[in-house]
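**Student:** Sharing structure24.cif, mmCIF, C-alpha atoms and all ligand atoms:
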data_target
loop_
_atom_site.label_atom_id
_atom_site.label_comp_id
_atom_site.auth_asym_id
_atom_site.auth_seq_id
_atom_site.Cartn_x
_atom_site.Cartn_y
_atom_site.Cartn_z
CA MET A 106 -8.68 -15.00 -0.17
CA THR A 107 -5.81 -16.33 1.93
CA THR A 108 -6.55 -17.78 5.36
CA THR A 109 -6.83 -15.21 8.11
CA ILE A 110 -7.09 -17.53 11.08
CA ARG A 111 -5.12 -20.68 11.63
CA THR A 112 -5.52 -22.40 15.01
CA GLY A 113 -6.33 -19.05 16.54
CA VAL A 114 -3.27 -17.30 15.13
CA VAL A 115 -3.77 -14.29 12.87
CA VAL A 116 -1.87 -14.94 9.67
CA ALA A 117 -0.16 -12.10 7.88
CA ALA A 118 -1.72 -11.13 4.56
CA ALA A 119 1.78 -9.99 3.54
CA ARG A 120 5.16 -10.06 5.25
CA VAL A 121 8.86 -9.72 4.66
CA VAL A 122 11.52 -11.64 6.57
CA ASP A 123 15.12 -10.40 6.94
CA ALA A 124 14.53 -8.17 3.92
CA VAL A 125 17.63 -6.57 2.45
CA LYS A 126 17.48 -4.40 -0.64
CA VAL A 127 20.62 -2.86 -2.06
CA HIS A 128 20.24 -0.31 -4.85
CA GLY A 129 23.24 0.38 -7.06
CA THR A 130 26.77 -0.94 -6.68
CA GLY A 131 30.15 0.23 -5.41
CA ASP A 132 30.30 3.91 -4.44
CA THR A 133 26.64 4.45 -5.32
CA GLU A 134 25.43 1.46 -3.27
CA VAL A 135 22.47 2.21 -0.98
CA ARG A 136 21.07 -0.31 1.51
CA ALA A 137 17.45 0.81 1.27
CA LEU A 138 16.32 -2.10 3.47
CA ASP A 139 18.82 -3.46 5.96
CA GLY A 140 17.28 -6.58 7.51
CA VAL A 141 13.61 -5.70 7.92
CA SER A 142 11.14 -8.30 9.20
CA VAL A 143 7.56 -7.11 9.38
CA ASP A 144 4.13 -8.62 8.95
CA PHE A 145 0.98 -6.93 7.72
CA PRO A 146 -1.90 -8.67 9.50
CA ALA A 147 -4.89 -9.79 7.46
CA GLY A 148 -8.00 -7.67 7.80
CA ARG A 149 -6.08 -4.65 9.08
CA PHE A 150 -5.08 -1.23 7.78
CA THR A 151 -1.35 -0.66 8.31
CA ALA A 152 0.56 2.53 7.53
CA ILE A 153 4.31 2.62 6.80
CA MET A 154 5.99 5.82 7.97
CA GLY A 155 9.49 7.17 8.35
CA PRO A 156 11.76 9.96 7.18
CA SER A 157 12.40 10.56 3.51
CA GLY A 158 14.78 7.90 2.21
CA SER A 159 14.08 5.49 5.10
CA GLY A 160 12.98 2.74 2.70
CA LYS A 161 9.16 2.99 2.80
CA SER A 162 8.57 2.74 -0.96
CA THR A 163 11.24 0.07 -1.34
CA LEU A 164 9.55 -2.00 1.38
CA MET A 165 6.16 -1.61 -0.27
CA HIS A 166 7.46 -2.44 -3.74
CA CYS A 167 9.29 -5.55 -2.52
CA ALA A 168 6.36 -6.72 -0.35
CA ALA A 169 4.02 -6.29 -3.34
CA GLY A 170 6.26 -8.14 -5.81
CA LEU A 171 6.93 -5.00 -7.89
CA ASP A 172 10.63 -5.27 -7.03
CA THR A 173 12.83 -8.12 -5.80
CA LEU A 174 14.84 -8.31 -2.58
CA THR A 175 18.62 -8.62 -2.59
CA SER A 176 18.23 -11.18 0.21
CA GLY A 177 15.49 -12.29 2.58
CA SER A 178 11.93 -13.24 1.65
CA ALA A 179 8.63 -11.59 0.84
CA PHE A 180 5.36 -13.47 1.24
CA ILE A 181 1.80 -12.81 0.13
CA GLY A 182 -0.13 -15.14 2.42
CA ASP A 183 1.86 -18.36 2.35
CA THR A 184 3.37 -17.71 -1.08
CA ASP A 185 7.09 -16.93 -1.13
CA LEU A 186 7.42 -14.44 -4.01
CA SER A 187 11.01 -15.50 -4.73
CA THR A 188 9.75 -18.94 -5.79
CA LEU A 189 7.63 -17.48 -8.60
CA ASP A 190 8.77 -16.93 -12.17
CA ASP A 191 7.75 -13.68 -13.92
CA ARG A 192 4.55 -15.14 -15.30
CA ARG A 193 3.35 -16.46 -11.95
CA LEU A 194 4.36 -13.25 -10.19
CA THR A 195 2.33 -11.23 -12.70
CA LEU A 196 -0.60 -13.56 -12.15
CA LEU A 197 -0.30 -13.27 -8.36
CA ARG A 198 -0.19 -9.47 -8.56
CA ARG A 199 -3.24 -9.49 -10.80
CA GLN A 200 -5.27 -11.94 -8.72
CA ARG A 201 -4.23 -11.23 -5.14
CA ILE A 202 -2.97 -7.66 -4.95
CA GLY A 203 -4.55 -4.26 -5.61
CA PHE A 204 -2.67 -0.99 -6.01
CA VAL A 205 -3.53 2.65 -5.38
CA PHE A 206 -0.91 5.21 -6.40
CA GLN A 207 -0.56 8.94 -5.84
CA ALA A 208 -1.47 9.53 -9.50
CA PHE A 209 -4.92 8.10 -10.04
CA ASN A 210 -3.92 6.32 -13.28
CA LEU A 211 -7.44 6.11 -14.66
CA ILE A 212 -8.08 5.58 -18.37
CA PRO A 213 -9.60 8.86 -19.63
CA ALA A 214 -11.65 7.29 -22.44
CA LEU A 215 -13.37 4.80 -20.14
CA THR A 216 -16.31 5.48 -17.84
CA VAL A 217 -16.07 5.14 -14.07
CA ALA A 218 -17.74 1.72 -14.25
CA GLU A 219 -15.33 0.55 -16.98
CA ASN A 220 -12.31 1.84 -15.06
CA ILE A 221 -13.39 -0.03 -11.94
CA THR A 222 -13.71 -3.35 -13.73
CA LEU A 223 -10.77 -2.84 -16.11
CA PRO A 224 -8.33 -5.27 -14.39
CA ILE A 225 -11.03 -7.93 -14.26
CA ASP A 226 -12.03 -7.33 -17.88
CA LEU A 227 -8.39 -7.44 -19.03
CA ALA A 228 -7.97 -10.76 -17.25
CA GLY A 229 -11.01 -12.03 -19.15
CA GLU A 230 -12.80 -12.72 -15.89
CA ARG A 231 -16.36 -12.02 -14.91
CA GLY A 232 -15.56 -10.88 -11.39
CA ASP A 233 -17.87 -11.06 -8.40
CA ARG A 234 -20.71 -8.75 -9.47
CA GLU A 235 -22.26 -8.60 -6.00
CA TRP A 236 -18.90 -7.58 -4.52
CA ILE A 237 -18.37 -4.89 -7.15
CA ASP A 238 -21.90 -3.60 -6.64
CA ALA A 239 -21.32 -3.27 -2.89
CA LEU A 240 -17.97 -1.63 -3.58
CA ILE A 241 -19.62 1.04 -5.74
CA ASP A 242 -21.82 1.94 -2.76
CA THR A 243 -18.87 1.89 -0.36
CA VAL A 244 -16.96 4.40 -2.49
CA GLY A 245 -20.13 6.44 -3.10
CA LEU A 246 -19.90 6.51 -6.89
CA ARG A 247 -23.20 5.03 -7.98
CA ASP A 248 -24.43 8.30 -9.51
CA ARG A 249 -21.13 8.77 -11.40
CA LEU A 250 -20.81 5.35 -13.03
CA HIS A 251 -21.25 6.63 -16.59
CA HIS A 252 -19.05 9.71 -16.21
CA ARG A 253 -15.50 9.97 -17.57
CA PRO A 254 -12.63 10.65 -15.15
CA SER A 255 -12.24 14.23 -16.49
CA GLU A 256 -15.75 14.97 -15.22
CA LEU A 257 -14.78 14.04 -11.65
CA SER A 258 -12.91 15.86 -8.89
CA GLY A 259 -9.50 14.55 -7.80
CA GLY A 260 -11.03 12.97 -4.71
CA GLN A 261 -13.70 11.23 -6.77
CA GLN A 262 -11.04 9.98 -9.21
CA GLN A 263 -9.04 8.50 -6.36
CA ARG A 264 -12.21 6.83 -5.05
CA VAL A 265 -12.55 5.19 -8.48
CA ALA A 266 -8.92 4.04 -8.17
CA VAL A 267 -9.70 2.60 -4.70
CA ALA A 268 -12.72 0.74 -6.09
CA ARG A 269 -10.59 -0.57 -8.97
CA ALA A 270 -7.92 -1.77 -6.51
CA PHE A 271 -10.51 -3.77 -4.53
CA ALA A 272 -12.60 -4.93 -7.51
CA GLY A 273 -10.79 -8.23 -7.99
CA THR A 274 -11.24 -9.21 -4.28
CA PRO A 275 -7.50 -8.98 -3.60
CA ASP A 276 -5.88 -10.26 -0.41
CA VAL A 277 -3.95 -7.01 0.00
CA VAL A 278 -4.24 -3.50 -1.37
CA PHE A 279 -0.99 -1.51 -1.35
CA ALA A 280 -1.42 2.27 -1.41
CA ASP A 281 1.55 4.56 -2.09
CA GLU A 282 0.84 8.12 -0.85
CA PRO A 283 -2.79 7.81 -2.00
CA THR A 284 -3.66 11.32 -0.79
CA GLY A 285 -0.51 13.01 -2.11
CA ASN A 286 -2.37 14.72 -4.98
CA LEU A 287 -5.47 15.68 -3.00
CA ASP A 288 -6.47 18.63 -0.85
CA SER A 289 -6.97 17.76 2.80
CA ARG A 290 -10.75 17.36 2.61
CA ALA A 291 -10.65 15.02 -0.40
CA GLY A 292 -7.70 13.22 1.19
CA GLN A 293 -9.68 12.64 4.39
CA GLU A 294 -12.53 11.18 2.34
CA VAL A 295 -10.21 8.73 0.60
CA LEU A 296 -8.61 7.72 3.92
CA ARG A 297 -11.99 7.19 5.57
CA LEU A 298 -12.94 5.12 2.54
CA LEU A 299 -9.85 2.92 2.88
CA GLY A 300 -10.59 2.39 6.59
CA ARG A 301 -14.27 1.69 5.90
CA THR A 302 -13.44 -0.81 3.16
CA VAL A 303 -11.06 -2.69 5.45
CA ARG A 304 -13.68 -2.86 8.21
CA ARG A 305 -16.61 -3.75 5.94
CA THR A 306 -14.82 -6.33 3.84
CA SER A 307 -12.06 -7.66 6.13
CA ARG A 308 -9.54 -6.93 3.39
CA THR A 309 -6.01 -5.75 4.14
CA VAL A 310 -4.53 -2.36 3.28
CA VAL A 311 -0.87 -1.36 3.53
CA MET A 312 -0.28 2.35 2.93
CA VAL A 313 2.92 4.38 2.61
CA THR A 314 2.47 7.95 3.79
CA HIS A 315 4.39 11.00 5.00
CA ASP A 316 1.35 12.43 6.72
CA PRO A 317 0.64 11.72 10.43
CA VAL A 318 -3.02 12.65 9.91
CA ALA A 319 -3.26 10.04 7.15
CA ALA A 320 -1.45 7.44 9.28
CA ALA A 321 -3.96 8.04 12.10
CA HIS A 322 -6.63 6.41 9.90
CA ALA A 323 -4.72 3.12 10.07
CA ASP A 324 -5.09 0.45 12.75
CA GLU A 325 -1.34 0.35 13.15
CA VAL A 326 1.73 2.28 12.04
CA VAL A 327 5.12 0.69 11.38
CA PHE A 328 8.08 3.07 11.46
CA LEU A 329 11.20 2.73 9.34
CA ALA A 330 14.44 4.64 9.80
CA ASP A 331 17.56 4.16 7.71
CA GLY A 332 16.33 0.86 6.28
CA HIS A 333 15.42 -0.62 9.67
CA LEU A 334 12.07 -1.28 11.33
CA VAL A 335 12.30 0.82 14.48
CA ASP A 336 8.81 0.83 15.99
CA ARG A 337 5.15 -0.18 15.67
CA MET A 338 2.20 1.77 17.06
CA GLN A 339 -1.32 0.40 17.56
CA ASP A 340 -4.37 2.66 17.26
CA PRO A 341 -2.33 5.70 16.28
CA THR A 342 -3.38 9.31 16.65
CA ALA A 343 -1.86 12.09 14.54
CA GLU A 344 -0.28 13.61 17.67
CA ARG A 345 1.38 10.38 18.80
CA VAL A 346 2.64 9.67 15.28
CA LEU A 347 4.03 13.19 15.01
CA ASP A 348 5.76 12.84 18.38
CA ARG A 349 7.30 9.55 17.28
CA LEU A 350 8.50 11.08 14.01
CA LYS A 351 10.12 13.98 15.83
CA ALA A 352 12.52 11.44 17.31
CA PHE A 353 13.81 10.94 13.75
CA ASP A 354 14.62 14.62 13.27
CA PRO A 355 17.88 14.82 11.36
CA SER A 356 20.70 15.86 13.62
CA PRO A 357 24.33 14.75 13.91
CA GLY A 358 24.33 11.12 14.95
CA ALA A 359 20.63 10.64 14.27
CA THR A 360 19.66 7.53 12.33
CA ALA A 361 17.39 9.32 9.89
CA VAL A 362 18.44 9.56 6.26
CA THR A 363 17.64 12.89 4.65
CA PRO A 364 17.25 13.39 0.91
N1 LIG B 401 16.15 2.70 -7.96
C1 LIG B 401 16.99 3.19 -7.05
N2 LIG B 401 18.31 3.31 -7.31
C2 LIG B 401 19.18 3.77 -6.40
N3 LIG B 401 18.82 4.16 -5.14
C3 LIG B 401 17.51 4.05 -4.83
C4 LIG B 401 16.53 3.57 -5.75
N4 LIG B 401 15.33 3.59 -5.14
C5 LIG B 401 15.54 4.07 -3.91
N5 LIG B 401 16.84 4.33 -3.71
C6 LIG B 401 17.44 4.83 -2.46
O1 LIG B 401 17.07 3.95 -1.42
C7 LIG B 401 16.77 4.68 -0.24
C8 LIG B 401 15.34 4.39 0.18
O2 LIG B 401 14.47 4.93 -0.81
P1 LIG B 401 12.87 4.83 -0.70
O3 LIG B 401 12.33 5.51 -1.90
O4 LIG B 401 12.47 3.44 -0.42
O5 LIG B 401 12.61 5.72 0.61
P2 LIG B 401 11.26 6.41 1.10
O6 LIG B 401 11.26 6.28 2.58
O7 LIG B 401 10.11 5.85 0.35
O8 LIG B 401 11.54 7.91 0.68
P3 LIG B 401 10.51 9.10 0.35
O9 LIG B 401 9.73 9.31 1.61
O10 LIG B 401 11.42 10.27 0.06
O11 LIG B 401 9.68 8.68 -0.80
C9 LIG B 401 17.04 6.15 -0.56
O12 LIG B 401 18.33 6.48 -0.13
C10 LIG B 401 16.92 6.20 -2.07
O13 LIG B 401 17.72 7.23 -2.60
#
Could you write out this file's structure as structure tokens?

**Tutor:**
Amino acid sequence: MTTTIRTGVVVAAARVVDAVKVHGTGDTEVRALDGVSVDFPAGRFTAIMGPSGSGKSTLMHCAAGLDTLTSGSAFIGDTDLSTLDDRRLTLLRRQRIGFVFQAFNLIPALTVAENITLPIDLAGERGDREWIDALIDTVGLRDRLHHRPSELSGGQQQRVAVARAFAGTPDVVFADEPTGNLDSRAGQEVLRLLGRTVRRTSRTVVMVTHDPVAAAHADEVVFLADGHLVDRMQDPTAERVLDRLKAFDPSPGATAVTP
């Protein structure tokens, strides 16, 4: 794991500096990120919020090394992603980053246990068995280990995906709308699980969400509007997040980008 403390200063598990991302060219050019600098502190659960089209997914993809910036830098720990060739970037993603997506992306033919350890098995590694064992308890799946995904509810499947994301002891887990396919009760369970895993294991989670209730599970919310970082909120509540989002309501002259 990357250092969390250096001479008393909390080091970011991930960060972007002066991040610019331009999609398309000419008339179709969109500046999805327009000079964003933001750090995601180690050992914390951070939510990224903002209106549709504000650049949340682009920020997450660039911070996680799934996409490259047009200019500026993205770091995982002290590693500048732009200095890595494709092979090293793939290796870094595999060894230091976990992902949870809206779609659970489990392999139907594999059991829960096999799905959880799949990334480790594919890498030909043994993994930290004690860590994985504790993880199975954290996600509450011990009695489902030999089931197939089709035998599980959506919430249980996403809990498998969360366990899989953490299985390789990553520095950061990026979650993109992890509750988007779940009903509110199952969604709450997954969010509580993410928060619990961060607190129990001192890992870092960065989550993109549209939902103020989901964001309230985070330690901090960062707000994007029109490709800019416009605010940060510590210890959010759903009400305060909602109030902050209302300021982005699309109206003539507002900064929000609508789809
Ligand atoms: N591959 C792409 N090609 C062209 N434009 C893109 C591409 N990806 C994103 N964009 C544009 O960049 C802007 C930011 O998109 P992004 O998906 O990052 O926003 P978002 O805040 O995640 O939106 P949403 O909440 O709707 O998912 C939008 O205007 C979008 O249309």

**Student:** Show me the residues close to (-21.3, 7.3, -17.1) - anything with an atom within 8 Å, counting all atoms listed in the file - and format the list as a ChimeraX atom specification.

**Tutor:** /A:216-218,249-253

**Student:** Which value, in Å to one decimal, gives the distance between CA of Gly229 in chain A and CA of Gly273 in chain A?

**Tutor:** 11.8 Å

**Student:** Please write out the residues within 8 Å of ligand LIG 401 (chain B) as a PyMOL selection string, counting only C-alpha atoms and all ligand atoms.

**Tutor:** chain A and resi 127-129+133-138+154-164+313-315+329+331-332+362+364

**Student:** Would you mind reading off the distance between CA of Leu240 in chain A and CA of Ala272 in chain A, one decimal, in Å?

**Tutor:**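 Between CA of Leu240 in chain A and CA of Ala272 in chain A the gap is 7.4 Å.
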
**Student:** Just to confirm, what's the straight-line distance from CA of Asp348 in chain A to CA of Phe206 in chain A in Å (one decimal)?

**Tutor:**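 Atom-to-atom, CA of Asp348 in chain A to CA of Phe206 in chain A, that is 26.8 Å.
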
**Student:** Between A:Val278, A:Ala352, A:Ile181, A:Met338, single out the one closest to Gly300 in chain A, counting all atoms listed in the file.

**Tutor:**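 Among A:Val278, A:Ala352, A:Ile181, A:Met338, it is A:Val278 that comes nearest to Gly300 in chain A.
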